[in-house]
Each structure stands twice: as structure tokens, then as C-alpha cells.
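Visitor: Contents of query.cif (mmCIF, N, CA and C atoms) are given next:
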data_entry
loop_
_atom_site.group_PDB
_atom_site.id
_atom_site.type_symbol
_atom_site.label_atom_id
_atom_site.label_comp_id
_atom_site.auth_asym_id
_atom_site.auth_seq_id
_atom_site.Cartn_x
_atom_site.Cartn_y
_atom_site.Cartn_z
ATOM 1 N N MET A 1 114.876 123.761 147.475
ATOM 2 C CA MET A 1 115.217 123.023 146.278
ATOM 3 C C MET A 1 113.946 122.441 145.684
ATOM 4 N N SER A 2 113.718 122.700 144.449
ATOM 5 C CA SER A 2 112.530 122.233 143.736
ATOM 6 C C SER A 2 112.917 121.035 142.879
ATOM 7 N N THR A 3 112.126 120.005 142.950
ATOM 8 C CA THR A 3 112.408 118.837 142.116
ATOM 9 C C THR A 3 111.349 118.734 141.031
ATOM 10 N N LYS A 4 111.792 118.477 139.852
ATOM 11 C CA LYS A 4 110.874 118.306 138.729
ATOM 12 C C LYS A 4 110.601 116.818 138.537
ATOM 13 N N ALA A 5 109.373 116.509 138.280
ATOM 14 C CA ALA A 5 109.037 115.124 137.977
ATOM 15 C C ALA A 5 109.499 114.825 136.564
ATOM 16 N N THR A 6 110.194 113.748 136.443
ATOM 17 C CA THR A 6 110.651 113.362 135.111
ATOM 18 C C THR A 6 109.615 112.441 134.484
ATOM 19 N N VAL A 7 109.394 112.653 133.256
ATOM 20 C CA VAL A 7 108.439 111.836 132.521
ATOM 21 C C VAL A 7 109.174 110.602 132.030
ATOM 22 N N THR A 8 108.669 109.471 132.427
ATOM 23 C CA THR A 8 109.291 108.241 131.940
ATOM 24 C C THR A 8 108.680 107.890 130.604
ATOM 25 N N GLU A 9 109.505 107.522 129.693
ATOM 26 C CA GLU A 9 109.017 107.172 128.371
ATOM 27 C C GLU A 9 108.494 105.746 128.384
ATOM 28 N N ILE A 10 107.351 105.585 127.799
ATOM 29 C CA ILE A 10 106.773 104.258 127.644
ATOM 30 C C ILE A 10 107.370 103.664 126.378
ATOM 31 N N PRO A 11 107.913 102.443 126.486
ATOM 32 C CA PRO A 11 108.480 101.855 125.275
ATOM 33 C C PRO A 11 107.409 101.686 124.209
ATOM 34 N N VAL A 12 107.747 102.058 122.999
ATOM 35 C CA VAL A 12 106.794 102.013 121.894
ATOM 36 C C VAL A 12 107.290 101.002 120.870
ATOM 37 N N ASN A 13 106.409 100.130 120.476
ATOM 38 C CA ASN A 13 106.716 99.140 119.451
ATOM 39 C C ASN A 13 106.287 99.678 118.091
ATOM 40 N N THR A 14 106.682 98.987 117.076
ATOM 41 C CA THR A 14 106.278 99.335 115.720
ATOM 42 C C THR A 14 105.233 98.333 115.257
ATOM 43 N N CYS A 15 104.246 98.790 114.528
ATOM 44 C CA CYS A 15 103.175 97.941 114.011
ATOM 45 C C CYS A 15 103.784 96.809 113.178
ATOM 46 N N ALA A 16 103.273 95.605 113.372
ATOM 47 C CA ALA A 16 103.813 94.425 112.702
ATOM 48 C C ALA A 16 103.225 94.177 111.317
ATOM 49 N N CYS A 17 102.394 95.097 110.814
ATOM 50 C CA CYS A 17 101.758 94.862 109.511
ATOM 51 C C CYS A 17 102.768 94.895 108.371
ATOM 52 N N GLY A 18 103.875 95.560 108.590
ATOM 53 C CA GLY A 18 104.912 95.588 107.565
ATOM 54 C C GLY A 18 104.769 96.692 106.544
ATOM 55 N N THR A 19 103.744 97.528 106.672
ATOM 56 C CA THR A 19 103.560 98.577 105.683
ATOM 57 C C THR A 19 103.584 99.980 106.273
ATOM 58 N N CYS A 20 103.107 100.132 107.497
ATOM 59 C CA CYS A 20 102.935 101.494 108.013
ATOM 60 C C CYS A 20 104.079 101.970 108.908
ATOM 61 N N HIS A 21 104.707 101.082 109.620
ATOM 62 C CA HIS A 21 105.806 101.409 110.545
ATOM 63 C C HIS A 21 105.394 102.449 111.589
ATOM 64 N N GLU A 22 104.116 102.432 111.970
ATOM 65 C CA GLU A 22 103.621 103.366 112.975
ATOM 66 C C GLU A 22 103.823 102.787 114.369
ATOM 67 N N ALA A 23 103.850 103.667 115.351
ATOM 68 C CA ALA A 23 104.044 103.242 116.729
ATOM 69 C C ALA A 23 102.771 102.625 117.294
ATOM 70 N N VAL A 24 102.957 101.603 118.119
ATOM 71 C CA VAL A 24 101.851 100.991 118.852
ATOM 72 C C VAL A 24 102.238 100.948 120.321
ATOM 73 N N GLY A 25 101.280 100.687 121.174
ATOM 74 C CA GLY A 25 101.533 100.633 122.609
ATOM 75 C C GLY A 25 102.441 99.481 122.986
ATOM 76 N N PRO A 26 102.847 99.436 124.247
ATOM 77 C CA PRO A 26 103.821 98.435 124.677
ATOM 78 C C PRO A 26 103.293 96.996 124.615
ATOM 79 N N LYS A 27 101.986 96.792 124.671
ATOM 80 C CA LYS A 27 101.438 95.443 124.638
ATOM 81 C C LYS A 27 100.819 95.094 123.293
ATOM 82 N N ALA A 28 100.700 96.035 122.407
ATOM 83 C CA ALA A 28 100.043 95.812 121.117
ATOM 84 C C ALA A 28 101.044 95.352 120.066
ATOM 85 N N MET A 29 100.544 94.620 119.100
ATOM 86 C CA MET A 29 101.368 94.200 117.966
ATOM 87 C C MET A 29 101.012 94.989 116.709
ATOM 88 N N TYR A 30 99.731 95.376 116.616
ATOM 89 C CA TYR A 30 99.233 96.053 115.426
ATOM 90 C C TYR A 30 98.446 97.297 115.823
ATOM 91 N N ARG A 31 98.343 98.242 114.893
ATOM 92 C CA ARG A 31 97.384 99.332 115.021
ATOM 93 C C ARG A 31 96.019 98.733 114.708
ATOM 94 N N PRO A 32 94.940 99.377 115.112
ATOM 95 C CA PRO A 32 93.612 98.823 114.831
ATOM 96 C C PRO A 32 93.396 98.589 113.334
ATOM 97 N N GLY A 33 93.003 97.361 112.998
ATOM 98 C CA GLY A 33 92.752 96.991 111.618
ATOM 99 C C GLY A 33 93.966 96.537 110.837
ATOM 100 N N HIS A 34 95.139 96.736 111.376
ATOM 101 C CA HIS A 34 96.345 96.408 110.625
ATOM 102 C C HIS A 34 96.680 94.922 110.646
ATOM 103 N N ASP A 35 96.042 94.155 111.520
ATOM 104 C CA ASP A 35 96.222 92.711 111.462
ATOM 105 C C ASP A 35 95.628 92.178 110.161
ATOM 106 N N ALA A 36 94.481 92.696 109.780
ATOM 107 C CA ALA A 36 93.870 92.318 108.501
ATOM 108 C C ALA A 36 94.712 92.825 107.330
ATOM 109 N N ARG A 37 95.329 93.982 107.504
ATOM 110 C CA ARG A 37 96.211 94.513 106.456
ATOM 111 C C ARG A 37 97.390 93.569 106.241
ATOM 112 N N HIS A 38 97.956 93.033 107.326
ATOM 113 C CA HIS A 38 99.081 92.114 107.218
ATOM 114 C C HIS A 38 98.667 90.864 106.444
ATOM 115 N N VAL A 39 97.479 90.335 106.734
ATOM 116 C CA VAL A 39 96.955 89.183 106.001
ATOM 117 C C VAL A 39 96.818 89.537 104.522
ATOM 118 N N SER A 40 96.309 90.721 104.232
ATOM 119 C CA SER A 40 96.129 91.156 102.840
ATOM 120 C C SER A 40 97.457 91.286 102.107
ATOM 121 N N VAL A 41 98.468 91.774 102.792
ATOM 122 C CA VAL A 41 99.795 91.902 102.177
ATOM 123 C C VAL A 41 100.329 90.523 101.800
ATOM 124 N N LEU A 42 100.184 89.552 102.702
ATOM 125 C CA LEU A 42 100.645 88.198 102.403
ATOM 126 C C LEU A 42 99.834 87.567 101.271
ATOM 127 N N LEU A 43 98.521 87.828 101.240
ATOM 128 C CA LEU A 43 97.692 87.320 100.143
ATOM 129 C C LEU A 43 98.106 87.933 98.804
ATOM 130 N N GLN A 44 98.433 89.205 98.818
ATOM 131 C CA GLN A 44 98.879 89.853 97.581
ATOM 132 C C GLN A 44 100.174 89.212 97.085
ATOM 133 N N GLY A 45 101.011 88.792 98.012
ATOM 134 C CA GLY A 45 102.225 88.070 97.621
ATOM 135 C C GLY A 45 101.900 86.779 96.889
ATOM 136 N N LEU A 46 100.861 86.071 97.349
ATOM 137 C CA LEU A 46 100.447 84.847 96.658
ATOM 138 C C LEU A 46 99.870 85.162 95.281
ATOM 139 N N VAL A 47 99.102 86.237 95.181
ATOM 140 C CA VAL A 47 98.555 86.651 93.886
ATOM 141 C C VAL A 47 99.703 86.967 92.925
ATOM 142 N N ASN A 48 100.715 87.630 93.418
ATOM 143 C CA ASN A 48 101.880 87.950 92.578
ATOM 144 C C ASN A 48 102.607 86.683 92.137
ATOM 145 N N GLU A 49 102.720 85.712 93.046
ATOM 146 C CA GLU A 49 103.341 84.434 92.690
ATOM 147 C C GLU A 49 102.563 83.788 91.535
ATOM 148 N N TYR A 50 101.237 83.772 91.652
ATOM 149 C CA TYR A 50 100.386 83.185 90.621
ATOM 150 C C TYR A 50 100.518 83.946 89.305
ATOM 151 N N ALA A 51 100.557 85.278 89.385
ATOM 152 C CA ALA A 51 100.676 86.094 88.175
ATOM 153 C C ALA A 51 102.017 85.863 87.480
ATOM 154 N N ASP A 52 103.027 85.508 88.246
ATOM 155 C CA ASP A 52 104.341 85.224 87.669
ATOM 156 C C ASP A 52 104.428 83.812 87.100
ATOM 157 N N GLY A 53 103.318 83.064 87.175
ATOM 158 C CA GLY A 53 103.287 81.735 86.599
ATOM 159 C C GLY A 53 103.643 80.628 87.570
ATOM 160 N N ARG A 54 103.812 80.951 88.826
ATOM 161 C CA ARG A 54 104.119 79.922 89.817
ATOM 162 C C ARG A 54 102.833 79.367 90.400
ATOM 163 N N LYS A 55 102.857 78.125 90.791
ATOM 164 C CA LYS A 55 101.693 77.455 91.370
ATOM 165 C C LYS A 55 101.603 77.794 92.854
ATOM 166 N N VAL A 56 100.416 78.156 93.315
ATOM 167 C CA VAL A 56 100.166 78.406 94.733
ATOM 168 C C VAL A 56 99.792 77.065 95.356
ATOM 169 N N THR A 57 100.659 76.559 96.231
ATOM 170 C CA THR A 57 100.451 75.250 96.845
ATOM 171 C C THR A 57 100.176 75.405 98.332
ATOM 172 N N LYS A 58 99.707 74.311 98.939
ATOM 173 C CA LYS A 58 99.472 74.330 100.386
ATOM 174 C C LYS A 58 100.773 74.538 101.146
ATOM 175 N N ALA A 59 101.885 74.044 100.614
ATOM 176 C CA ALA A 59 103.181 74.245 101.269
ATOM 177 C C ALA A 59 103.575 75.720 101.254
ATOM 178 N N LEU A 60 103.319 76.399 100.146
ATOM 179 C CA LEU A 60 103.617 77.829 100.049
ATOM 180 C C LEU A 60 102.727 78.619 101.003
ATOM 181 N N ILE A 61 101.455 78.236 101.078
ATOM 182 C CA ILE A 61 100.531 78.903 101.994
ATOM 183 C C ILE A 61 100.998 78.730 103.434
ATOM 184 N N ALA A 62 101.402 77.509 103.794
ATOM 185 C CA ALA A 62 101.876 77.249 105.160
ATOM 186 C C ALA A 62 103.138 78.034 105.468
ATOM 187 N N ALA A 63 104.026 78.161 104.492
ATOM 188 C CA ALA A 63 105.258 78.918 104.703
ATOM 189 C C ALA A 63 104.969 80.398 104.922
ATOM 190 N N GLU A 64 104.031 80.946 104.159
ATOM 191 C CA GLU A 64 103.668 82.355 104.316
ATOM 192 C C GLU A 64 102.938 82.592 105.637
ATOM 193 N N ALA A 65 102.136 81.624 106.063
ATOM 194 C CA ALA A 65 101.373 81.769 107.310
ATOM 195 C C ALA A 65 102.290 81.874 108.521
ATOM 196 N N LYS A 66 103.488 81.343 108.414
ATOM 197 C CA LYS A 66 104.439 81.404 109.532
ATOM 198 C C LYS A 66 104.861 82.837 109.858
ATOM 199 N N HIS A 67 104.632 83.763 108.947
ATOM 200 C CA HIS A 67 104.986 85.163 109.189
ATOM 201 C C HIS A 67 104.000 85.863 110.116
ATOM 202 N N LEU A 68 102.873 85.221 110.390
ATOM 203 C CA LEU A 68 101.843 85.831 111.238
ATOM 204 C C LEU A 68 102.033 85.400 112.690
ATOM 205 N N PRO A 69 101.815 86.307 113.631
ATOM 206 C CA PRO A 69 102.174 86.028 115.028
ATOM 207 C C PRO A 69 101.184 85.183 115.821
ATOM 208 N N THR A 70 99.926 85.114 115.402
ATOM 209 C CA THR A 70 98.948 84.381 116.206
ATOM 210 C C THR A 70 98.292 83.278 115.384
ATOM 211 N N GLU A 71 97.788 82.288 116.092
ATOM 212 C CA GLU A 71 97.116 81.174 115.423
ATOM 213 C C GLU A 71 95.848 81.640 114.717
ATOM 214 N N ALA A 72 95.135 82.587 115.318
ATOM 215 C CA ALA A 72 93.909 83.100 114.692
ATOM 216 C C ALA A 72 94.210 83.779 113.356
ATOM 217 N N LEU A 73 95.264 84.562 113.295
ATOM 218 C CA LEU A 73 95.626 85.218 112.027
ATOM 219 C C LEU A 73 96.111 84.201 111.005
ATOM 220 N N ARG A 74 96.865 83.195 111.464
ATOM 221 C CA ARG A 74 97.310 82.149 110.541
ATOM 222 C C ARG A 74 96.113 81.411 109.951
ATOM 223 N N ALA A 75 95.101 81.135 110.777
ATOM 224 C CA ALA A 75 93.903 80.452 110.284
ATOM 225 C C ALA A 75 93.147 81.332 109.291
ATOM 226 N N LYS A 76 93.032 82.620 109.601
ATOM 227 C CA LYS A 76 92.356 83.567 108.700
ATOM 228 C C LYS A 76 93.077 83.629 107.359
ATOM 229 N N PHE A 77 94.390 83.713 107.388
ATOM 230 C CA PHE A 77 95.186 83.763 106.170
ATOM 231 C C PHE A 77 95.038 82.465 105.382
ATOM 232 N N THR A 78 95.110 81.336 106.065
ATOM 233 C CA THR A 78 95.032 80.043 105.392
ATOM 234 C C THR A 78 93.688 79.871 104.696
ATOM 235 N N ARG A 79 92.594 80.233 105.367
ATOM 236 C CA ARG A 79 91.265 80.136 104.742
ATOM 237 C C ARG A 79 91.188 81.021 103.502
ATOM 238 N N ALA A 80 91.664 82.261 103.615
ATOM 239 C CA ALA A 80 91.613 83.187 102.481
ATOM 240 C C ALA A 80 92.497 82.700 101.339
ATOM 241 N N ALA A 81 93.657 82.165 101.663
ATOM 242 C CA ALA A 81 94.575 81.687 100.625
ATOM 243 C C ALA A 81 94.010 80.455 99.926
ATOM 244 N N GLU A 82 93.355 79.578 100.679
ATOM 245 C CA GLU A 82 92.748 78.403 100.053
ATOM 246 C C GLU A 82 91.581 78.794 99.153
ATOM 247 N N ARG A 83 90.808 79.822 99.553
ATOM 248 C CA ARG A 83 89.743 80.332 98.669
ATOM 249 C C ARG A 83 90.357 80.891 97.390
ATOM 250 N N LEU A 84 91.443 81.629 97.537
ATOM 251 C CA LEU A 84 92.142 82.187 96.377
ATOM 252 C C LEU A 84 92.640 81.069 95.470
ATOM 253 N N MET A 85 93.201 80.035 96.076
ATOM 254 C CA MET A 85 93.731 78.916 95.313
ATOM 255 C C MET A 85 92.615 78.214 94.542
ATOM 256 N N SER A 86 91.446 78.043 95.165
ATOM 257 C CA SER A 86 90.336 77.374 94.462
ATOM 258 C C SER A 86 89.786 78.247 93.335
ATOM 259 N N LYS A 87 89.718 79.570 93.549
ATOM 260 C CA LYS A 87 89.263 80.473 92.490
ATOM 261 C C LYS A 87 90.220 80.440 91.303
ATOM 262 N N GLN A 88 91.509 80.379 91.593
ATOM 263 C CA GLN A 88 92.489 80.333 90.518
ATOM 264 C C GLN A 88 92.402 79.008 89.763
ATOM 265 N N ALA A 89 92.128 77.919 90.474
ATOM 266 C CA ALA A 89 91.979 76.625 89.822
ATOM 267 C C ALA A 89 90.756 76.633 88.909
ATOM 268 N N GLU A 90 89.655 77.259 89.370
ATOM 269 C CA GLU A 90 88.454 77.378 88.534
ATOM 270 C C GLU A 90 88.739 78.210 87.296
ATOM 271 N N ALA A 91 89.470 79.302 87.467
ATOM 272 C CA ALA A 91 89.805 80.170 86.328
ATOM 273 C C ALA A 91 90.685 79.415 85.340
ATOM 274 N N ASP A 92 91.622 78.619 85.841
ATOM 275 C CA ASP A 92 92.477 77.827 84.951
ATOM 276 C C ASP A 92 91.667 76.786 84.188
ATOM 277 N N ALA A 93 90.685 76.164 84.871
ATOM 278 C CA ALA A 93 89.848 75.163 84.231
ATOM 279 C C ALA A 93 88.991 75.782 83.125
ATOM 280 N N LYS A 94 88.464 76.978 83.387
ATOM 281 C CA LYS A 94 87.677 77.657 82.371
ATOM 282 C C LYS A 94 88.530 78.062 81.177
ATOM 283 N N ALA A 95 89.773 78.456 81.457
ATOM 284 C CA ALA A 95 90.669 78.849 80.366
ATOM 285 C C ALA A 95 91.010 77.654 79.495
ATOM 286 N N VAL A 96 91.125 76.471 80.070
ATOM 287 C CA VAL A 96 91.442 75.274 79.307
ATOM 288 C C VAL A 96 90.241 74.863 78.459
ATOM 289 N N GLU A 97 89.011 75.052 78.995
ATOM 290 C CA GLU A 97 87.808 74.698 78.241
ATOM 291 C C GLU A 97 87.629 75.518 76.998
ATOM 292 N N LYS A 98 88.055 76.761 77.017
ATOM 293 C CA LYS A 98 87.855 77.657 75.872
ATOM 294 C C LYS A 98 88.800 77.404 74.778
#
Could I get this structure in the form of C-alpha cells?
Guide:
Amino acid sequence: MSTKATVTEIPVNTCACGTCHEAVGPKAMYRPGHDARHVSVLLQGLVNEYADGRKVTKALIAAEAKHLPTEALRAKFTRAAERLMSKQAEADAKAVEK
């Protein structure tokens, strides 16, 4: 009697970036570089909010940061969003001066 070795499937997760839906390993959350992509997607959401005439506030930034799984990514997103918010405030100030 011959026995065949069965291949056990390794559970595969889906990338958490929200755009690619690609498989990642059992301990990974993102494909390489896709953590930055997730931050960029959330930042684009803030840009869209601003383009729609809504004010980007620290409360909105904090609410969006909650979608990120690690403290390091939340900090990266918060810094980038605050830079975006200051650039938009400068642009608004220049528009009022003209």
C-alpha cells in the first residue's frame, strides 16, 4: 500500500491595503509597499473631502487613522494629513488675498 503525502494548505490572508485584494502570507498584513498605498488611499479620501468643500479637521484625521492597523502607520498618516491640512490652509489664505 502506497501512501501519498497530502499537501496542507497554508492559510492565506488578503492584503489590507483595500485596493489590490492580493494574497499575503499567514503572518503578513500587506504586500510589500502596500502599507504606504493604504496611507495614500486614506489621504486621497481627505483630498476628496476638501475638494467637495468640506473642512479637513483633526477629528476627521483621527477618525480616518483608526482604519490603519499599527501605531506606526497611524503616525505616518497623521503627519501626512497634517501637512496636507497646512498646505490647504496656505492655499486658502492665498486665495483670500487675491
Visitor: Return as a list of chain:residue names the set of residues that the PyMOL selection byres ((chain A and resi 13) around 8) yields on the displayed structure.
Guide: A:Ile10, A:Pro11, A:Val12, A:Thr14, A:Cys15, A:Ala16, A:His21, A:Glu22, A:Ala23, A:Val24, A:Gly25, A:Pro26, A:Lys27, A:Ala28, A:Met29, A:Tyr30
Visitor: Would you mind exporting the chosen residues as a PDB file, in the coordinates of the input, restricted to N, CA and C atoms?
Guide:
ATOM      1  N   ILE A  10     107.351 105.585 127.799  1.00  0.00           N
ATOM      2  CA  ILE A  10     106.773 104.258 127.644  1.00  0.00           C
ATOM      3  C   ILE A  10     107.370 103.664 126.378  1.00  0.00           C
ATOM      4  N   PRO A  11     107.913 102.443 126.486  1.00  0.00           N
ATOM      5  CA  PRO A  11     108.480 101.855 125.275  1.00  0.00           C
ATOM      6  C   PRO A  11     107.409 101.686 124.209  1.00  0.00           C
ATOM      7  N   VAL A  12     107.747 102.058 122.999  1.00  0.00           N
ATOM      8  CA  VAL A  12     106.794 102.013 121.894  1.00  0.00           C
ATOM      9  C   VAL A  12     107.290 101.002 120.870  1.00  0.00           C
ATOM     10  N   THR A  14     106.682  98.987 117.076  1.00  0.00           N
ATOM     11  CA  THR A  14     106.278  99.335 115.720  1.00  0.00           C
ATOM     12  C   THR A  14     105.233  98.333 115.257  1.00  0.00           C
ATOM     13  N   CYS A  15     104.246  98.790 114.528  1.00  0.00           N
ATOM     14  CA  CYS A  15     103.175  97.941 114.011  1.00  0.00           C
ATOM     15  C   CYS A  15     103.784  96.809 113.178  1.00  0.00           C
ATOM     16  N   ALA A  16     103.273  95.605 113.372  1.00  0.00           N
ATOM     17  CA  ALA A  16     103.813  94.425 112.702  1.00  0.00           C
ATOM     18  C   ALA A  16     103.225  94.177 111.317  1.00  0.00           C
ATOM     19  N   HIS A  21     104.707 101.082 109.620  1.00  0.00           N
ATOM     20  CA  HIS A  21     105.806 101.409 110.545  1.00  0.00           C
ATOM     21  C   HIS A  21     105.394 102.449 111.589  1.00  0.00           C
ATOM     22  N   GLU A  22     104.116 102.432 111.970  1.00  0.00           N
ATOM     23  CA  GLU A  22     103.621 103.366 112.975  1.00  0.00           C
ATOM     24  C   GLU A  22     103.823 102.787 114.369  1.00  0.00           C
ATOM     25  N   ALA A  23     103.850 103.667 115.351  1.00  0.00           N
ATOM     26  CA  ALA A  23     104.044 103.242 116.729  1.00  0.00           C
ATOM     27  C   ALA A  23     102.771 102.625 117.294  1.00  0.00           C
ATOM     28  N   VAL A  24     102.957 101.603 118.119  1.00  0.00           N
ATOM     29  CA  VAL A  24     101.851 100.991 118.852  1.00  0.00           C
ATOM     30  C   VAL A  24     102.238 100.948 120.321  1.00  0.00           C
ATOM     31  N   GLY A  25     101.280 100.687 121.174  1.00  0.00           N
ATOM     32  CA  GLY A  25     101.533 100.633 122.609  1.00  0.00           C
ATOM     33  C   GLY A  25     102.441  99.481 122.986  1.00  0.00           C
ATOM     34  N   PRO A  26     102.847  99.436 124.247  1.00  0.00           N
ATOM     35  CA  PRO A  26     103.821  98.435 124.677  1.00  0.00           C
ATOM     36  C   PRO A  26     103.293  96.996 124.615  1.00  0.00           C
ATOM     37  N   LYS A  27     101.986  96.792 124.671  1.00  0.00           N
ATOM     38  CA  LYS A  27     101.438  95.443 124.638  1.00  0.00           C
ATOM     39  C   LYS A  27     100.819  95.094 123.293  1.00  0.00           C
ATOM     40  N   ALA A  28     100.700  96.035 122.407  1.00  0.00           N
ATOM     41  CA  ALA A  28     100.043  95.812 121.117  1.00  0.00           C
ATOM     42  C   ALA A  28     101.044  95.352 120.066  1.00  0.00           C
ATOM     43  N   MET A  29     100.544  94.620 119.100  1.00  0.00           N
ATOM     44  CA  MET A  29     101.368  94.200 117.966  1.00  0.00           C
ATOM     45  C   MET A  29     101.012  94.989 116.709  1.00  0.00           C
ATOM     46  N   TYR A  30      99.731  95.376 116.616  1.00  0.00           N
ATOM     47  CA  TYR A  30      99.233  96.053 115.426  1.00  0.00           C
ATOM     48  C   TYR A  30      98.446  97.297 115.823  1.00  0.00           C
TER      49      TYR A  30
END
Visitor: As number ranges by chain, please: every residue in chain A that a backbone DSSP assignment puts in strand (DSSP E).
Guide: A: 13-14, 23-24
Visitor: Just the selected residues (N, CA and C atoms), exported as an mmCIF file, in the frame of the given file, please.
Guide:
data_model
loop_
_atom_site.group_PDB
_atom_site.id
_atom_site.type_symbol
_atom_site.label_atom_id
_atom_site.label_comp_id
_atom_site.auth_asym_id
_atom_site.auth_seq_id
_atom_site.Cartn_x
_atom_site.Cartn_y
_atom_site.Cartn_z
ATOM 1 N N ASN A 13 106.409 100.130 120.476
ATOM 2 C CA ASN A 13 106.716 99.140 119.451
ATOM 3 C C ASN A 13 106.287 99.678 118.091
ATOM 4 N N THR A 14 106.682 98.987 117.076
ATOM 5 C CA THR A 14 106.278 99.335 115.720
ATOM 6 C C THR A 14 105.233 98.333 115.257
ATOM 7 N N ALA A 23 103.850 103.667 115.351
ATOM 8 C CA ALA A 23 104.044 103.242 116.729
ATOM 9 C C ALA A 23 102.771 102.625 117.294
ATOM 10 N N VAL A 24 102.957 101.603 118.119
ATOM 11 C CA VAL A 24 101.851 100.991 118.852
ATOM 12 C C VAL A 24 102.238 100.948 120.321
#
Visitor: Restricting the calculation to only C-alpha atoms: of A:Ala89, A:Leu43, A:Cys17, A:Ala36, which residue gets closest to Ile61 (chain A)?
Guide: A:Leu43
Visitor: Which neighbours of Met85 (chain A) fall inside 12 Å, counting only C-alpha atoms, when residues of the same chain fewer than 2 positions from it are skipped, and could you give them as a PyMOL selection string?
Guide: chain A and resi 43+46-47+49-50+54-58+60-61+77-83+87-92
Visitor: As a PyMOL selection string, list the residues of chain A assigned to helix (DSSP H, G or I) by DSSP on the backbone atoms of this structure.
Guide: chain A and resi 34-51+58-65+71-97
Visitor: Expressed in Å to a single decimal, how great is the separation between atom N of Val41 (chain A) and CA of Ala59 (chain A)?
Guide: 18.2 Å
